>>> print(open('start09.txt').read())   # compact mmCIF, C-alpha atoms and all ligand atoms
# COMPACT_ATOMS: atom_id res chain seq x y z
CA MET A 347 -9.38 29.72 2.15
CA PRO A 348 -11.41 27.32 4.28
CA MET A 349 -10.87 23.64 3.89
CA GLN A 350 -13.31 22.00 1.57
CA PRO A 351 -14.59 18.58 2.41
CA GLY A 352 -15.12 16.13 -0.28
CA ARG A 353 -12.64 13.74 -1.71
CA ILE A 354 -12.76 10.09 -0.79
CA PHE A 355 -9.78 8.06 -1.88
CA LYS A 356 -9.84 4.33 -1.47
CA VAL A 357 -6.40 2.75 -1.33
CA VAL A 358 -5.57 -0.91 -0.94
CA LEU A 359 -2.68 -2.49 0.92
CA ILE A 360 -1.48 -5.63 -0.79
CA GLY A 361 1.37 -8.07 -0.33
CA ASP A 362 2.13 -11.38 1.32
CA GLY A 363 1.11 -12.27 4.86
CA ALA A 364 3.14 -10.82 7.74
CA VAL A 365 4.95 -8.17 5.65
CA GLY A 366 3.45 -5.47 7.89
CA LYS A 367 0.33 -4.20 6.10
CA THR A 368 -1.77 -3.98 9.25
CA SER A 369 1.13 -2.54 11.23
CA LEU A 370 1.64 0.23 8.67
CA ARG A 371 -2.03 1.12 8.84
CA ARG A 372 -2.01 1.03 12.62
CA ASN A 373 1.11 3.18 12.83
CA TYR A 374 -0.27 5.72 10.37
CA LEU A 375 -3.61 6.00 12.14
CA GLY A 376 -2.23 6.12 15.68
CA LYS A 377 -4.96 6.66 18.23
CA SER A 378 -7.66 6.67 15.59
CA PHE A 379 -6.85 3.12 14.52
CA ARG A 380 -10.05 1.11 14.40
CA GLU A 381 -10.83 -2.22 12.85
CA ASN A 382 -13.86 -2.39 10.55
CA TYR A 383 -13.78 -6.02 9.66
CA LEU A 384 -15.79 -7.07 6.61
CA MET A 385 -16.19 -10.75 7.12
CA THR A 386 -17.60 -11.50 3.69
CA ILE A 387 -14.44 -10.40 1.92
CA GLY A 388 -11.93 -10.97 4.70
CA ALA A 389 -10.79 -7.36 4.77
CA ASP A 390 -10.42 -4.53 7.23
CA PHE A 391 -10.54 -0.88 6.49
CA SER A 392 -9.94 2.37 8.32
CA VAL A 393 -10.53 5.96 7.38
CA LYS A 394 -8.24 8.90 8.04
CA GLN A 395 -9.07 12.54 7.37
CA VAL A 396 -5.99 14.02 5.77
CA PRO A 397 -5.65 17.75 5.02
CA TYR A 398 -4.31 18.11 1.51
CA GLU A 399 -3.90 21.56 -0.01
CA ASP A 400 -7.41 23.09 0.21
CA TYR A 401 -9.14 19.80 0.78
CA ILE A 402 -9.75 17.23 3.41
CA VAL A 403 -9.15 13.84 1.88
CA SER A 404 -10.97 10.93 3.44
CA LEU A 405 -8.42 8.23 2.97
CA GLN A 406 -10.04 4.79 3.11
CA ILE A 407 -7.29 2.30 3.73
CA TRP A 408 -8.20 -1.29 2.91
CA ASP A 409 -6.17 -4.12 4.26
CA LEU A 410 -6.56 -7.84 3.66
CA ALA A 411 -7.12 -9.69 6.88
CA GLY A 412 -6.49 -13.38 7.24
CA GLN A 413 -5.90 -15.60 4.26
CA PRO A 414 -4.07 -13.48 1.69
CA ARG A 415 -4.75 -15.61 -1.39
CA PHE A 416 -8.44 -16.23 -1.23
CA SER A 417 -9.17 -14.78 -4.59
CA GLU A 418 -12.87 -15.46 -5.23
CA VAL A 419 -13.84 -12.46 -3.15
CA ARG A 420 -11.13 -10.14 -4.36
CA GLY A 421 -13.30 -8.14 -6.75
CA ALA A 422 -15.04 -6.33 -3.92
CA TYR A 423 -11.74 -5.69 -2.22
CA TYR A 424 -10.09 -4.01 -5.19
CA ALA A 425 -13.06 -2.32 -6.85
CA ASN A 426 -12.80 1.45 -7.25
CA SER A 427 -9.35 1.78 -5.74
CA TYR A 428 -7.51 5.01 -6.46
CA GLY A 429 -4.10 3.78 -5.43
CA ALA A 430 -2.26 0.79 -4.04
CA MET A 431 0.60 0.13 -1.68
CA VAL A 432 2.31 -3.11 -2.46
CA VAL A 433 4.27 -4.10 0.59
CA PHE A 434 7.12 -6.56 1.04
CA ASP A 435 9.43 -7.42 3.91
CA VAL A 436 13.05 -6.44 3.18
CA THR A 437 14.25 -9.45 5.20
CA ARG A 438 12.22 -11.97 3.15
CA PRO A 439 13.15 -11.92 -0.56
CA ASN A 440 10.25 -14.19 -1.53
CA THR A 441 7.83 -11.47 -0.44
CA PHE A 442 9.62 -9.17 -2.93
CA THR A 443 9.41 -11.76 -5.71
CA ASN A 444 5.66 -12.05 -5.12
CA ILE A 445 5.06 -8.37 -5.87
CA ASP A 446 4.33 -9.29 -9.46
CA TYR A 447 1.55 -11.59 -8.37
CA TRP A 448 -0.08 -8.87 -6.27
CA ILE A 449 0.13 -6.17 -8.91
CA ASN A 450 -1.35 -8.48 -11.54
CA GLU A 451 -4.16 -9.49 -9.24
CA MET A 452 -4.93 -5.90 -8.34
CA ILE A 453 -5.08 -4.77 -11.96
CA LYS A 454 -7.22 -7.71 -12.97
CA TYR A 455 -9.81 -7.09 -10.26
CA ASN A 456 -9.79 -3.32 -10.54
CA ASP A 457 -11.15 -3.18 -14.08
CA ASN A 458 -7.66 -3.22 -15.62
CA LYS A 459 -7.16 0.34 -14.43
CA LEU A 460 -3.57 1.46 -14.05
CA ILE A 461 -3.76 3.24 -10.72
CA PRO A 462 -0.72 4.73 -8.96
CA ILE A 463 1.30 2.18 -7.05
CA LEU A 464 3.74 2.73 -4.24
CA MET A 465 6.07 -0.17 -3.60
CA VAL A 466 6.96 -0.34 0.09
CA GLY A 467 9.95 -2.22 1.51
CA ASN A 468 9.00 -2.59 5.17
CA LYS A 469 10.91 -3.66 8.32
CA THR A 470 14.01 -1.57 7.63
CA ASP A 471 14.70 -1.64 11.37
CA LEU A 472 15.74 -5.27 10.80
CA ARG A 473 18.45 -4.33 8.31
CA GLY A 474 21.74 -5.66 9.55
CA THR A 475 20.14 -8.24 11.82
CA THR A 476 20.35 -10.93 9.16
CA PRO A 477 23.14 -11.26 6.55
CA ASP A 478 22.94 -8.62 3.80
CA GLU A 479 22.87 -11.22 1.04
CA VAL A 480 19.53 -12.57 2.20
CA GLN A 481 17.91 -9.12 2.35
CA VAL A 482 16.39 -7.12 -0.45
CA ASP A 483 18.66 -4.13 -0.93
CA LYS A 484 17.39 -0.69 -1.79
CA THR A 485 19.07 -0.53 -5.19
CA SER A 486 17.44 -3.74 -6.41
CA ALA A 487 14.03 -2.58 -5.24
CA MET A 488 14.42 0.86 -6.86
CA THR A 489 15.53 -0.78 -10.09
CA TYR A 490 12.52 -3.06 -10.04
CA ALA A 491 10.14 -0.14 -9.45
CA GLN A 492 11.72 1.50 -12.49
CA VAL A 493 11.23 -1.65 -14.58
CA LEU A 494 7.57 -1.81 -13.57
CA SER A 495 7.12 1.87 -14.40
CA GLU A 496 8.50 1.38 -17.88
CA TRP A 497 6.22 -1.57 -18.38
CA GLY A 498 2.78 -0.27 -19.31
CA GLY A 499 2.88 3.12 -17.61
CA LEU A 500 2.27 1.90 -14.11
CA LYS A 501 4.18 4.73 -12.39
CA VAL A 502 5.62 2.79 -9.49
CA ASP A 503 7.65 4.58 -6.80
CA TYR A 504 9.65 2.92 -4.07
CA ILE A 505 9.94 3.82 -0.40
CA GLU A 506 11.36 2.02 2.63
CA THR A 507 9.54 2.02 5.95
CA SER A 508 9.54 0.60 9.42
CA ALA A 509 6.10 0.19 10.90
CA LYS A 510 7.91 -0.60 14.13
CA SER A 511 9.93 2.61 14.48
CA GLY A 512 7.51 4.65 12.38
CA GLN A 513 10.24 5.63 9.93
CA ASN A 514 8.75 6.96 6.67
CA VAL A 515 5.25 5.71 7.44
CA ASN A 516 3.59 9.13 7.10
CA SER A 517 5.72 9.90 4.07
CA ALA A 518 4.60 6.69 2.39
CA PHE A 519 0.91 7.53 2.69
CA GLU A 520 1.54 11.16 1.72
CA ARG A 521 3.48 10.05 -1.32
CA LEU A 522 0.61 7.84 -2.42
CA ILE A 523 -1.89 10.69 -2.01
CA ASP A 524 0.43 12.92 -4.07
CA LYS A 525 0.58 10.32 -6.79
CA ILE A 526 -3.20 9.99 -6.85
CA TYR A 527 -3.63 13.76 -7.15
CA TYR A 528 -1.00 13.94 -9.84
CA GLN A 529 -2.63 11.17 -11.83
CA MET A 530 -6.03 12.87 -11.58
CA GLY A 531 -4.49 16.03 -12.92
CA LEU A 532 -5.54 18.00 -9.84
P1 LIG B 1 0.31 -8.24 7.65
O1 LIG B 1 -0.85 -7.38 8.02
O2 LIG B 1 0.96 -7.84 6.37
O3 LIG B 1 0.00 -9.71 7.64
P2 LIG B 1 1.33 -7.49 10.25
O4 LIG B 1 1.47 -8.03 8.76
O5 LIG B 1 1.18 -6.03 10.27
O6 LIG B 1 0.35 -8.29 10.98
O7 LIG B 1 2.80 -7.79 10.80
C1 LIG B 1 3.33 -9.13 10.85
C2 LIG B 1 4.41 -9.18 11.92
O8 LIG B 1 5.51 -8.34 11.54
C3 LIG B 1 3.99 -8.68 13.29
O9 LIG B 1 4.72 -9.41 14.25
C4 LIG B 1 4.45 -7.25 13.31
O10 LIG B 1 4.65 -6.75 14.59
C5 LIG B 1 5.75 -7.36 12.56
N1 LIG B 1 6.14 -6.11 11.88
C6 LIG B 1 5.37 -5.36 11.05
N2 LIG B 1 6.06 -4.30 10.62
C7 LIG B 1 7.29 -4.38 11.17
C8 LIG B 1 8.47 -3.58 11.10
O11 LIG B 1 8.55 -2.54 10.41
N3 LIG B 1 9.56 -4.01 11.80
C9 LIG B 1 9.54 -5.14 12.56
N4 LIG B 1 10.65 -5.46 13.22
N5 LIG B 1 8.44 -5.92 12.66
C10 LIG B 1 7.34 -5.54 11.97
P3 LIG B 1 4.02 -10.38 15.30
O12 LIG B 1 5.18 -10.94 16.05
O13 LIG B 1 3.15 -9.51 16.10
O14 LIG B 1 3.29 -11.39 14.47
MG MG B 2 -2.87 -7.92 8.37
>>> encode(input="start09.txt", output="structure tokens")
Amino acid sequence: MPMQPGRIFKVVLIGDGAVGKTSLRRNYLGKSFRENYLMTIGADFSVKQVPYEDYIVSLQIWDLAGQPRFSEVRGAYYANSYGAMVVFDVTRPNTFTNIDYWINEMIKYNDNKLIPILMVGNKTDLRGTTPDEVQVDKTSAMTYAQVLSEWGGLKVDYIETSAKSGQNVNSAFERLIDKIYYQMGL
């Protein structure tokens, strides 16, 4: 069966500054990486055509540029999102603690919709380069994703990536697309 065009999925990348949001997007897009900077809301987005079953999904990946907590303009950033990746840096525990803030903000500005969320622990290539006790370990992050899932039906999964080595980057975006399809009952 020929591929059918048609589905546009907007997904937002959220999380503290310097956790690797732009790097994940760049790694995933490869040569087709292009900046489309929207100055008014301080965001960038890129589009990737992703074959998915019989469809081509146009994945619009939105990424906050610059000042991460500039919330007056956030409505336009979050509106009509189908899914979110909430990213933290496994070597900086405070970026993990702030996940709550980002999820709350996203829900508030996206019409209180409970869209699928993928929690992403990035910079796994730096594991072992700083003492283990100051890193966020995988078990704690998985447990937290479980806690969030049980709280209000958010359906949060957890995946670890390295935007530097490319480890799991494609899988992360594929997982989010899967979750969106699943949620839509497709
Ligand atoms: P942001 O968009 O979330 O603000 P960026 O984050 O993608 O701009 O990344 C912030 C810094 O972290 C960048 O370093 C980038 O190269 C680095 N980085 C992103 N992902 C990874 C990763 O998986 N591993 C490692 N080791 N570094 C990563 P610079 O020095 O360019 O500011
Ligand atoms: Mg960025």
>>> closest_residue(input="start09.txt", among="A:Glu479, A:Glu381, A:Asp409, A:Asp400", to="ligand MG 2 (chain B)", atoms="only C-alpha atoms and all ligand atoms")
A:Asp409
>>> closest_residue(input="start09.txt", among="A:Tyr504, A:Tyr398, A:Phe379, A:Phe355", to="A:Phe434", atoms="only C-alpha atoms")
A:Tyr504
>>> atom_distance(input="start09.txt", atom1="atom C7 of ligand LIG 1 (chain B)", atom2="atom CA of A:Val365")
7.1 Å
>>> residues_near_ligand(input="start09.txt", ligand="ligand LIG 1 (chain B)", cutoff="8 Å", atoms="only C-alpha atoms and all ligand atoms", output="NGL selection string")
:A and (360-371 or 409-412 or 433 or 468-472 or 507-512)
>>> residues_around(input="start09.txt", residues="stretch 449-455 of chain A", least_positions_apart="4", cutoff="10 Å", atoms="all atoms listed in the file", output="list in words")
Val358, Ile360, Gly361, Arg415, Ser417, Val419, Arg420, Gly421, Ala422, Tyr423, Tyr424, Ala425, Asn426, Ser427, Ala430, Met431, Val432, Asn444, Ile445, Lys459, Leu460, Ile461, Ile463, Met465, Leu494 and Leu500 of chain A
>>> closest_residue(input="start09.txt", among="A:Tyr490, A:Arg353, A:Trp408, A:Gly376", to="ligand MG 2 (chain B)", atoms="all atoms listed in the file")
A:Trp408
>>> closest_residue(input="start09.txt", among="A:Pro477, A:Tyr383, A:Ser378, A:Ile354", to="ligand MG 2 (chain B)", atoms="only C-alpha atoms and all ligand atoms")
A:Tyr383
>>> atom_distance(input="start09.txt", atom1="atom CA of A:Ala518", atom2="atom CA of A:Glu506")
8.2 Å
